[in-house]
Amino acid sequence: MPVYLPIAEMSVDALLLLGIGLGVGWLSGLFGVGGGFLLTPLLILIGIPAPVAVASGANQTLGASVSGLIAQWRRGNVDARMGCVLLVAGLAGSGAGTQLFVLLKRLGQIDLAVSLFYVVVLGTVGALMVRESLRAIIRRRRALPARTHQHSWLHGLPFKMRFRQSRLYISVIPPMMIGFGIGVLSSIMGVGGGFMLVPAMIYLLGMPTTTTIGTSLFQVTFVSANVTLLQALQTGSVDVVLTLLLLTGGVAGAQFGAAMGTKLRGEETRALLGLLVLLVAAGLLWGLLATPASLYLMGPAT
Amino acid sequence: MTLPAAASLAPLLAAFLLLATPALAQREPPPPAPPFAGPALAAELGQDRIAVDTSFSGADLLVFGATDRLLGPAGDNVVILGLGPPRDVVVRRRVRWLGLWVNGPSARFQEVPNYYAVAATAPVAGLLEEAARRERRLGLDMLTARLAGPRDPLFRAALVDLKRGSRLWNEEESPVEVSGGRLFHARLPLPSTIATGDYIVQVLLVRNNRIVARQELPFRVDRVGATARIADVARSLPFAYGLACIALAAFAGWLGSVIFRRG
C-alpha cells in the first residue's frame, strides 16, 4: 500500500513503515531507549533522504517515548527529579552540539564524522554493557553477594541532592556532566540519547535499572521534542506523515515491550540492549569499510 | 502558433520540399528547425497537470497525436522528448581513506534537467544527424555533453547512471506506438520521486533526417490536497508546524498507552 510522503517527496510502502515502527517501538519499550539509533539508519536504508530520516526519527522517538513514559510512570519507575537535572544539562549540551555540527559541516566530511561517532559511541557503549551485564549474570549464578553500589571519587563532590526514587544521595555535578555530554552527542548523531543515558545512569551514577528506564524516557521525550522543533525551524525536514505512520506501529510495540521488560531481569535486559547496540555499530562499521556498490553519489547543490 | 496562411501553405511547401530536397540541400544548409509547424503534426497530452496526492506512486503521461503522412520505416518518424525543471546537482566520488570510504572529489553540474525522457518510433541515432541530436538534446549522451560543469567524463557517466538508477532519466525504453499509419501515442514514465514544477514535452516530426515540424506541450507537476497543505505549512509556518508535529506525536503516544491499558 504505497503512501506519498509530502516532505520526503517520495512514495513508500505504508506497511513497511508500520512494521519498522512496531519493531523499533517494541525495543523502545523493552529497553527504555527511544530507538533513534536504530530508526534513523533503517530509514536511510529504505531510501528516505538523510535529513528527513534524522528529523522525522526524532519526532517518532518523541511519540514512542511518551507512550513508554506513561507506562513507566504508572509503575512508579520515573525519577522526575533526576530527569529534570539531566534535562536542563541536556538542553544546554544539545545547543553546544548544534554549534559543533555546523563547524564539522563547514570543514566538510560531516557524513564521515557522523558515521565515526556512531561506530565509536555505539561500539564503546555496547561493549561496556555486554561485559558488565555478563559479569553480573555470572555473579548471580555463583550466588555471590551483589554490591548495591560502589563509592568512588564521584561521591565526594559538593552540591549533594537526594534522589528518593533512585535511593541515591549524590552530587548534582555528575548527572549534569552526563546530561550535557549526551546532549552534545545526541544533536550530532540525531538521536535522543537513551541508549547512552541508560548505561551512564547505571554505571556512573549507580541508579537501579528499574528507575533508569523510566527516567531516561523522561529525558528522551523532552530532548526529542526540542530536536523536532529545531529541525522544523532550521531544515524544514520533519515529515509528519512519515512520523505518524511509524508511530502507529510504534506505540503498540512500546506497550508490548514495556510489559515484557518487567518480566526480564535487569542484567538480561542490559545484556540484550548491549548486544543490539554492538550489532548496529558493527553494521555501520561494515558500511564504512565495505566497497560501496556505486562509487558515486548524487545530491542537490547547496 | 499556427497561422491560417501557414496552414494552407504547408502541404504545398511539404510537397515542394519532398521533390526538391536534393537540390535544396546543395544550395543552402538545412535550417535547424524549419519555420513551418503546421498541420503536418498535431500532438496533445493526456493531462496537463500531474496531481501528487497522498496516494501518488508515480504516473504515466500519455502523449498522443497524428501526422499528415504515413509513419513508419519508409515514411515519417516521431520523436518525443520530456524535460523537467533544471536544478544544480553535485556528484561526489567515494575514495578510500585509512581503510574507510569517504566522500572525495566532487563535480557540480549546472541546470541539470530533473527529469528527462526520450521516445521515438525508431532509434533516434538512425533518424537524425549528430548535430541535430546535440542541438535538441536527443539522447542522454547528447544531454550530458551540453551540461555546464567539469569535463571529467567519469563524473558525467556517473550522473547518467545515478539518474537512470533513480528512474528520473530514461532513454528510448519503449517506442512510440503507431496505429493506422498516422496516429501515434507514447507513455512517459514519471516515478514517485518526481519533483514539482513546470515540465515540457517536445514532439518532433522527422522526415529525411530533418525535423520538419515541432510542437511544445507544457505540463505541471503539483502537490494537491493534504500533501500540498502539509508541505505549504511546513514551509511558511515552520514554528507552528514543528509544534503541531510535537503535539501530534505526543497525542499518538498518549492515545496508544490509553488504548493498550484498557485492552
# chains A, B, ... in the order shown; residues from 1 in each chain; ligands from 1
>>> interface_residues(of="chain A", to="chain B", cutoff="6 Å", atoms="only C-alpha atoms", output="PDB file with N, CA and C atoms, in the first residue's frame")
ATOM      1  N   VAL A   3       2.208   5.064   0.001  1.00  0.00           N
ATOM      2  CA  VAL A   3       1.742   6.354   0.507  1.00  0.00           C
ATOM      3  C   VAL A   3       2.811   7.386   0.170  1.00  0.00           C
ATOM      4  N   TYR A   4       2.356   8.581  -0.256  1.00  0.00           N
ATOM      5  CA  TYR A   4       3.290   9.624  -0.673  1.00  0.00           C
ATOM      6  C   TYR A   4       3.636  10.511   0.523  1.00  0.00           C
ATOM      7  N   PRO A   6       4.901  13.879   1.986  1.00  0.00           N
ATOM      8  CA  PRO A   6       4.941  15.233   1.412  1.00  0.00           C
ATOM      9  C   PRO A   6       6.286  15.940   1.555  1.00  0.00           C
ATOM     10  N   GLU A   9       9.103  13.810  -0.317  1.00  0.00           N
ATOM     11  CA  GLU A   9       8.790  13.857  -1.744  1.00  0.00           C
ATOM     12  C   GLU A   9       9.025  12.504  -2.408  1.00  0.00           C
ATOM     13  N   MET A  10       8.513  11.473  -1.812  1.00  0.00           N
ATOM     14  CA  MET A  10       8.616  10.147  -2.414  1.00  0.00           C
ATOM     15  C   MET A  10       7.513   9.252  -1.879  1.00  0.00           C
ATOM     16  N   SER A  11       7.333   8.121  -2.561  1.00  0.00           N
ATOM     17  CA  SER A  11       6.282   7.193  -2.184  1.00  0.00           C
ATOM     18  C   SER A  11       6.917   5.965  -1.536  1.00  0.00           C
ATOM     19  N   GLY A  63       7.098  10.520  20.195  1.00  0.00           N
ATOM     20  CA  GLY A  63       5.821   9.835  20.419  1.00  0.00           C
ATOM     21  C   GLY A  63       5.999   8.511  21.136  1.00  0.00           C
ATOM     22  N   ALA A  64       6.986   7.732  20.674  1.00  0.00           N
ATOM     23  CA  ALA A  64       7.232   6.421  21.289  1.00  0.00           C
ATOM     24  C   ALA A  64       7.644   6.579  22.747  1.00  0.00           C
ATOM     25  N   VAL A  66       6.807   9.087  24.815  1.00  0.00           N
ATOM     26  CA  VAL A  66       5.641   9.492  25.612  1.00  0.00           C
ATOM     27  C   VAL A  66       4.862   8.244  26.025  1.00  0.00           C
ATOM     28  N   SER A  67       4.666   7.379  25.026  1.00  0.00           N
ATOM     29  CA  SER A  67       3.925   6.148  25.292  1.00  0.00           C
ATOM     30  C   SER A  67       4.620   5.314  26.361  1.00  0.00           C
ATOM     31  N   LEU A 229      11.540  20.494  17.058  1.00  0.00           N
ATOM     32  CA  LEU A 229      11.262  21.906  16.828  1.00  0.00           C
ATOM     33  C   LEU A 229      12.430  22.571  16.092  1.00  0.00           C
ATOM     34  N   ALA A 232      12.425  21.455  12.481  1.00  0.00           N
ATOM     35  CA  ALA A 232      11.339  22.071  11.717  1.00  0.00           C
ATOM     36  C   ALA A 232      11.712  23.505  11.352  1.00  0.00           C
ATOM     37  N   LEU A 233      12.374  24.200  12.278  1.00  0.00           N
ATOM     38  CA  LEU A 233      12.730  25.600  12.046  1.00  0.00           C
ATOM     39  C   LEU A 233      13.916  25.730  11.107  1.00  0.00           C
ATOM     40  N   VAL A 251       3.638   2.883  18.908  1.00  0.00           N
ATOM     41  CA  VAL A 251       3.002   2.942  20.234  1.00  0.00           C
ATOM     42  C   VAL A 251       2.536   1.560  20.671  1.00  0.00           C
ATOM     43  N   LEU A 288      31.219   1.501   6.376  1.00  0.00           N
ATOM     44  CA  LEU A 288      32.378   2.376   6.126  1.00  0.00           C
ATOM     45  C   LEU A 288      33.516   1.612   5.459  1.00  0.00           C
ATOM     46  N   LEU A 289      33.631   0.311   5.770  1.00  0.00           N
ATOM     47  CA  LEU A 289      34.779  -0.463   5.301  1.00  0.00           C
ATOM     48  C   LEU A 289      34.517  -1.142   3.962  1.00  0.00           C
ATOM     49  N   LEU A 295      30.395   3.849  -6.702  1.00  0.00           N
ATOM     50  CA  LEU A 295      31.453   4.715  -6.176  1.00  0.00           C
ATOM     51  C   LEU A 295      31.039   6.179  -6.182  1.00  0.00           C
ATOM     52  N   TYR A 296      29.911   6.457  -6.805  1.00  0.00           N
ATOM     53  CA  TYR A 296      29.486   7.847  -6.909  1.00  0.00           C
ATOM     54  C   TYR A 296      28.170   8.046  -6.189  1.00  0.00           C
ATOM     55  N   LEU A 297      27.939   9.248  -5.699  1.00  0.00           N
ATOM     56  CA  LEU A 297      26.624   9.585  -5.202  1.00  0.00           C
ATOM     57  C   LEU A 297      26.290  11.002  -5.610  1.00  0.00           C
ATOM     58  N   MET A 298      24.972  11.273  -5.584  1.00  0.00           N
ATOM     59  CA  MET A 298      24.476  12.495  -6.177  1.00  0.00           C
ATOM     60  C   MET A 298      23.653  13.231  -5.134  1.00  0.00           C
ATOM     61  N   GLY A 299      23.756  14.556  -5.132  1.00  0.00           N
ATOM     62  CA  GLY A 299      22.935  15.326  -4.214  1.00  0.00           C
ATOM     63  C   GLY A 299      22.642  16.685  -4.792  1.00  0.00           C
ATOM     64  N   PRO A 300      21.663  17.382  -4.219  1.00  0.00           N
ATOM     65  CA  PRO A 300      21.396  18.732  -4.708  1.00  0.00           C
ATOM     66  C   PRO A 300      22.547  19.663  -4.324  1.00  0.00           C
ATOM     67  N   ALA A 301      22.863  20.605  -5.210  1.00  0.00           N
ATOM     68  CA  ALA A 301      23.926  21.556  -4.922  1.00  0.00           C
ATOM     69  C   ALA A 301      23.445  22.513  -3.843  1.00  0.00           C
TER      70      ALA A 301
END
>>> residues_around(residues="A:Thr210", least_positions_apart="5", cutoff="12 Å", atoms="only C-alpha atoms", output="number ranges by chain")
A: 30-32, 72-73, 75-79, 165-167, 198, 201-202, 215-217, 258, 261-267, 269-270
>>> select_by_dssp(residues="stretch 79-296 of chain A", states="strand (DSSP E)", output="list in words")
Lys160, Met161, Arg162, Phe163, Leu168, Tyr169, Ile170, Ser171 and Tyr296 of chain A
>>> write_last_selection(atoms="N, CA and C atoms", output="mmCIF file, in the first residue's frame")
data_model
loop_
_atom_site.group_PDB
_atom_site.id
_atom_site.type_symbol
_atom_site.label_atom_id
_atom_site.label_comp_id
_atom_site.auth_asym_id
_atom_site.auth_seq_id
_atom_site.Cartn_x
_atom_site.Cartn_y
_atom_site.Cartn_z
ATOM 1 N N LYS A 160 25.288 18.186 47.040
ATOM 2 C CA LYS A 160 24.590 16.897 47.102
ATOM 3 C C LYS A 160 23.082 17.095 47.088
ATOM 4 N N MET A 161 22.414 16.136 46.508
ATOM 5 C CA MET A 161 20.970 16.211 46.367
ATOM 6 C C MET A 161 20.415 14.818 46.618
ATOM 7 N N ARG A 162 19.208 14.761 47.225
ATOM 8 C CA ARG A 162 18.634 13.444 47.483
ATOM 9 C C ARG A 162 17.679 13.078 46.354
ATOM 10 N N PHE A 163 17.918 11.913 45.722
ATOM 11 C CA PHE A 163 17.017 11.415 44.681
ATOM 12 C C PHE A 163 16.302 10.213 45.273
ATOM 13 N N LEU A 168 19.262 7.440 46.103
ATOM 14 C CA LEU A 168 20.617 7.969 45.940
ATOM 15 C C LEU A 168 20.731 9.291 46.674
ATOM 16 N N TYR A 169 21.925 9.560 47.221
ATOM 17 C CA TYR A 169 22.221 10.881 47.778
ATOM 18 C C TYR A 169 23.579 11.258 47.217
ATOM 19 N N ILE A 170 23.565 11.944 46.043
ATOM 20 C CA ILE A 170 24.826 12.246 45.360
ATOM 21 C C ILE A 170 24.854 13.707 44.935
ATOM 22 N N SER A 171 26.038 14.141 44.503
ATOM 23 C CA SER A 171 26.221 15.497 43.992
ATOM 24 C C SER A 171 25.498 15.645 42.653
ATOM 25 N N TYR A 296 29.911 6.457 -6.805
ATOM 26 C CA TYR A 296 29.486 7.847 -6.909
ATOM 27 C C TYR A 296 28.170 8.046 -6.189
#
>>> residues_around(residues="A:Pro2", least_positions_apart="5", cutoff="6 Å", atoms="only C-alpha atoms", output="list in words")
Val12, Asp13 and Ala14 of chain A
>>> closest_residue(among="A:Ala127, A:Gly47, A:Leu204, A:Leu27", to="B:Ser166", atoms="only C-alpha atoms")
A:Gly47
>>> residues_around(residues="A:Ser94", least_positions_apart="5", cutoff="6 Å", atoms="only C-alpha atoms", output="list in words")
Gly183, Val184 and Ser187 of chain A
>>> write_last_selection(atoms="C-alpha atoms", output="tab-separated table (two decimals), in the first residue's frame")
chain	number	residue	atom	x	y	z
A	183	GLY	CA	23.12	16.42	24.69
A	184	VAL	CA	26.20	17.16	22.56
A	187	SER	CA	22.47	16.54	18.44
>>> select_by_dssp(residues="stretch 85-258 of chain A", states="helix (DSSP H, G or I)", output="MDAnalysis selection string")
chainID A and resid 85:106 110:141 153:156 164:166 173:189 194:204 209:234 240:258
>>> atom_distance(atom1="atom CA of B:Tyr115", atom2="atom CA of B:Val78")
20.1 Å
>>> atom_distance(atom1="atom CA of A:Ala281", atom2="atom CA of A:Val119")
4.8 Å
>>> closest_residue(among="B:Leu127, B:Glu111, B:Ala74, B:Glu177", to="B:Ile211", atoms="only C-alpha atoms")
B:Leu127
>>> closest_residue(among="B:Ala51, B:Val233, B:Leu83, B:Leu61", to="A:Gly236", atoms="only C-alpha atoms")
B:Val233
>>> residues_around(residues="B:Arg136", least_positions_apart="4", cutoff="12 Å", atoms="only C-alpha atoms", output="ChimeraX atom specification")
/B:32-33,79-83,118,124,128-132,140-143,145-146,202-204,210-211,214
>>> write_last_selection(atoms="N, CA and C atoms", output="PDB file, in the first residue's frame")
ATOM      1  N   PRO B  32      18.074  24.592 -38.653  1.00  0.00           N
ATOM      2  CA  PRO B  32      17.906  23.662 -37.531  1.00  0.00           C
ATOM      3  C   PRO B  32      16.449  23.290 -37.303  1.00  0.00           C
ATOM      4  N   ALA B  33      15.542  24.250 -37.350  1.00  0.00           N
ATOM      5  CA  ALA B  33      14.125  23.953 -37.178  1.00  0.00           C
ATOM      6  C   ALA B  33      13.366  24.749 -38.217  1.00  0.00           C
ATOM      7  N   VAL B  79       9.551  11.824 -32.756  1.00  0.00           N
ATOM      8  CA  VAL B  79      10.426  11.745 -31.580  1.00  0.00           C
ATOM      9  C   VAL B  79       9.779  12.574 -30.480  1.00  0.00           C
ATOM     10  N   ILE B  80       9.677  11.999 -29.269  1.00  0.00           N
ATOM     11  CA  ILE B  80       9.072  12.703 -28.133  1.00  0.00           C
ATOM     12  C   ILE B  80      10.125  12.888 -27.056  1.00  0.00           C
ATOM     13  N   LEU B  81      10.244  14.131 -26.590  1.00  0.00           N
ATOM     14  CA  LEU B  81      11.246  14.459 -25.573  1.00  0.00           C
ATOM     15  C   LEU B  81      10.535  15.103 -24.388  1.00  0.00           C
ATOM     16  N   GLY B  82      10.748  14.597 -23.177  1.00  0.00           N
ATOM     17  CA  GLY B  82      10.186  15.189 -21.963  1.00  0.00           C
ATOM     18  C   GLY B  82      11.307  15.761 -21.108  1.00  0.00           C
ATOM     19  N   LEU B  83      11.126  16.995 -20.638  1.00  0.00           N
ATOM     20  CA  LEU B  83      12.174  17.645 -19.847  1.00  0.00           C
ATOM     21  C   LEU B  83      11.573  18.239 -18.575  1.00  0.00           C
ATOM     22  N   VAL B 118      13.127  10.235 -23.487  1.00  0.00           N
ATOM     23  CA  VAL B 118      13.074  10.266 -24.944  1.00  0.00           C
ATOM     24  C   VAL B 118      12.373   9.002 -25.416  1.00  0.00           C
ATOM     25  N   VAL B 124      16.613   6.871 -32.324  1.00  0.00           N
ATOM     26  CA  VAL B 124      16.859   8.266 -32.696  1.00  0.00           C
ATOM     27  C   VAL B 124      18.189   8.415 -33.421  1.00  0.00           C
ATOM     28  N   LEU B 128      18.406  11.076 -37.040  1.00  0.00           N
ATOM     29  CA  LEU B 128      18.915  12.449 -37.149  1.00  0.00           C
ATOM     30  C   LEU B 128      20.431  12.449 -37.079  1.00  0.00           C
ATOM     31  N   GLU B 129      21.019  13.451 -37.719  1.00  0.00           N
ATOM     32  CA  GLU B 129      22.468  13.644 -37.642  1.00  0.00           C
ATOM     33  C   GLU B 129      22.849  14.030 -36.215  1.00  0.00           C
ATOM     34  N   GLU B 130      24.133  13.839 -35.886  1.00  0.00           N
ATOM     35  CA  GLU B 130      24.581  14.122 -34.521  1.00  0.00           C
ATOM     36  C   GLU B 130      24.373  15.588 -34.158  1.00  0.00           C
ATOM     37  N   ALA B 131      24.625  16.490 -35.121  1.00  0.00           N
ATOM     38  CA  ALA B 131      24.491  17.923 -34.836  1.00  0.00           C
ATOM     39  C   ALA B 131      23.066  18.259 -34.410  1.00  0.00           C
ATOM     40  N   ALA B 132      22.098  17.684 -35.117  1.00  0.00           N
ATOM     41  CA  ALA B 132      20.696  17.957 -34.797  1.00  0.00           C
ATOM     42  C   ALA B 132      20.325  17.350 -33.448  1.00  0.00           C
ATOM     43  N   LEU B 140      20.801  10.671 -23.981  1.00  0.00           N
ATOM     44  CA  LEU B 140      21.461  11.066 -22.733  1.00  0.00           C
ATOM     45  C   LEU B 140      22.903  11.513 -22.975  1.00  0.00           C
ATOM     46  N   ASP B 141      23.582  10.895 -23.978  1.00  0.00           N
ATOM     47  CA  ASP B 141      24.962  11.318 -24.260  1.00  0.00           C
ATOM     48  C   ASP B 141      24.977  12.755 -24.767  1.00  0.00           C
ATOM     49  N   MET B 142      23.957  13.123 -25.575  1.00  0.00           N
ATOM     50  CA  MET B 142      23.872  14.486 -26.082  1.00  0.00           C
ATOM     51  C   MET B 142      23.515  15.468 -24.959  1.00  0.00           C
ATOM     52  N   LEU B 143      22.655  15.004 -24.048  1.00  0.00           N
ATOM     53  CA  LEU B 143      22.245  15.860 -22.934  1.00  0.00           C
ATOM     54  C   LEU B 143      23.443  16.192 -22.045  1.00  0.00           C
ATOM     55  N   ALA B 145      26.608  15.940 -22.732  1.00  0.00           N
ATOM     56  CA  ALA B 145      27.687  16.648 -23.432  1.00  0.00           C
ATOM     57  C   ALA B 145      27.468  18.152 -23.370  1.00  0.00           C
ATOM     58  N   ARG B 146      26.204  18.564 -23.267  1.00  0.00           N
ATOM     59  CA  ARG B 146      25.916  20.007 -23.267  1.00  0.00           C
ATOM     60  C   ARG B 146      25.852  20.614 -21.876  1.00  0.00           C
ATOM     61  N   GLN B 202       8.326  17.940 -25.882  1.00  0.00           N
ATOM     62  CA  GLN B 202       8.505  18.372 -27.270  1.00  0.00           C
ATOM     63  C   GLN B 202       8.210  17.176 -28.169  1.00  0.00           C
ATOM     64  N   VAL B 203       7.344  17.402 -29.149  1.00  0.00           N
ATOM     65  CA  VAL B 203       7.059  16.356 -30.129  1.00  0.00           C
ATOM     66  C   VAL B 203       7.641  16.820 -31.456  1.00  0.00           C
ATOM     67  N   LEU B 204       8.530  15.996 -32.034  1.00  0.00           N
ATOM     68  CA  LEU B 204       9.225  16.368 -33.256  1.00  0.00           C
ATOM     69  C   LEU B 204       8.825  15.413 -34.371  1.00  0.00           C
ATOM     70  N   ARG B 210      15.564  15.166 -41.141  1.00  0.00           N
ATOM     71  CA  ARG B 210      15.395  16.563 -40.740  1.00  0.00           C
ATOM     72  C   ARG B 210      14.116  16.716 -39.920  1.00  0.00           C
ATOM     73  N   ILE B 211      14.179  17.672 -39.000  1.00  0.00           N
ATOM     74  CA  ILE B 211      12.989  17.960 -38.200  1.00  0.00           C
ATOM     75  C   ILE B 211      12.123  18.904 -39.018  1.00  0.00           C
ATOM     76  N   ARG B 214       7.440  20.754 -35.228  1.00  0.00           N
ATOM     77  CA  ARG B 214       7.747  20.634 -33.808  1.00  0.00           C
ATOM     78  C   ARG B 214       6.604  21.233 -33.009  1.00  0.00           C
TER      79      ARG B 214
END
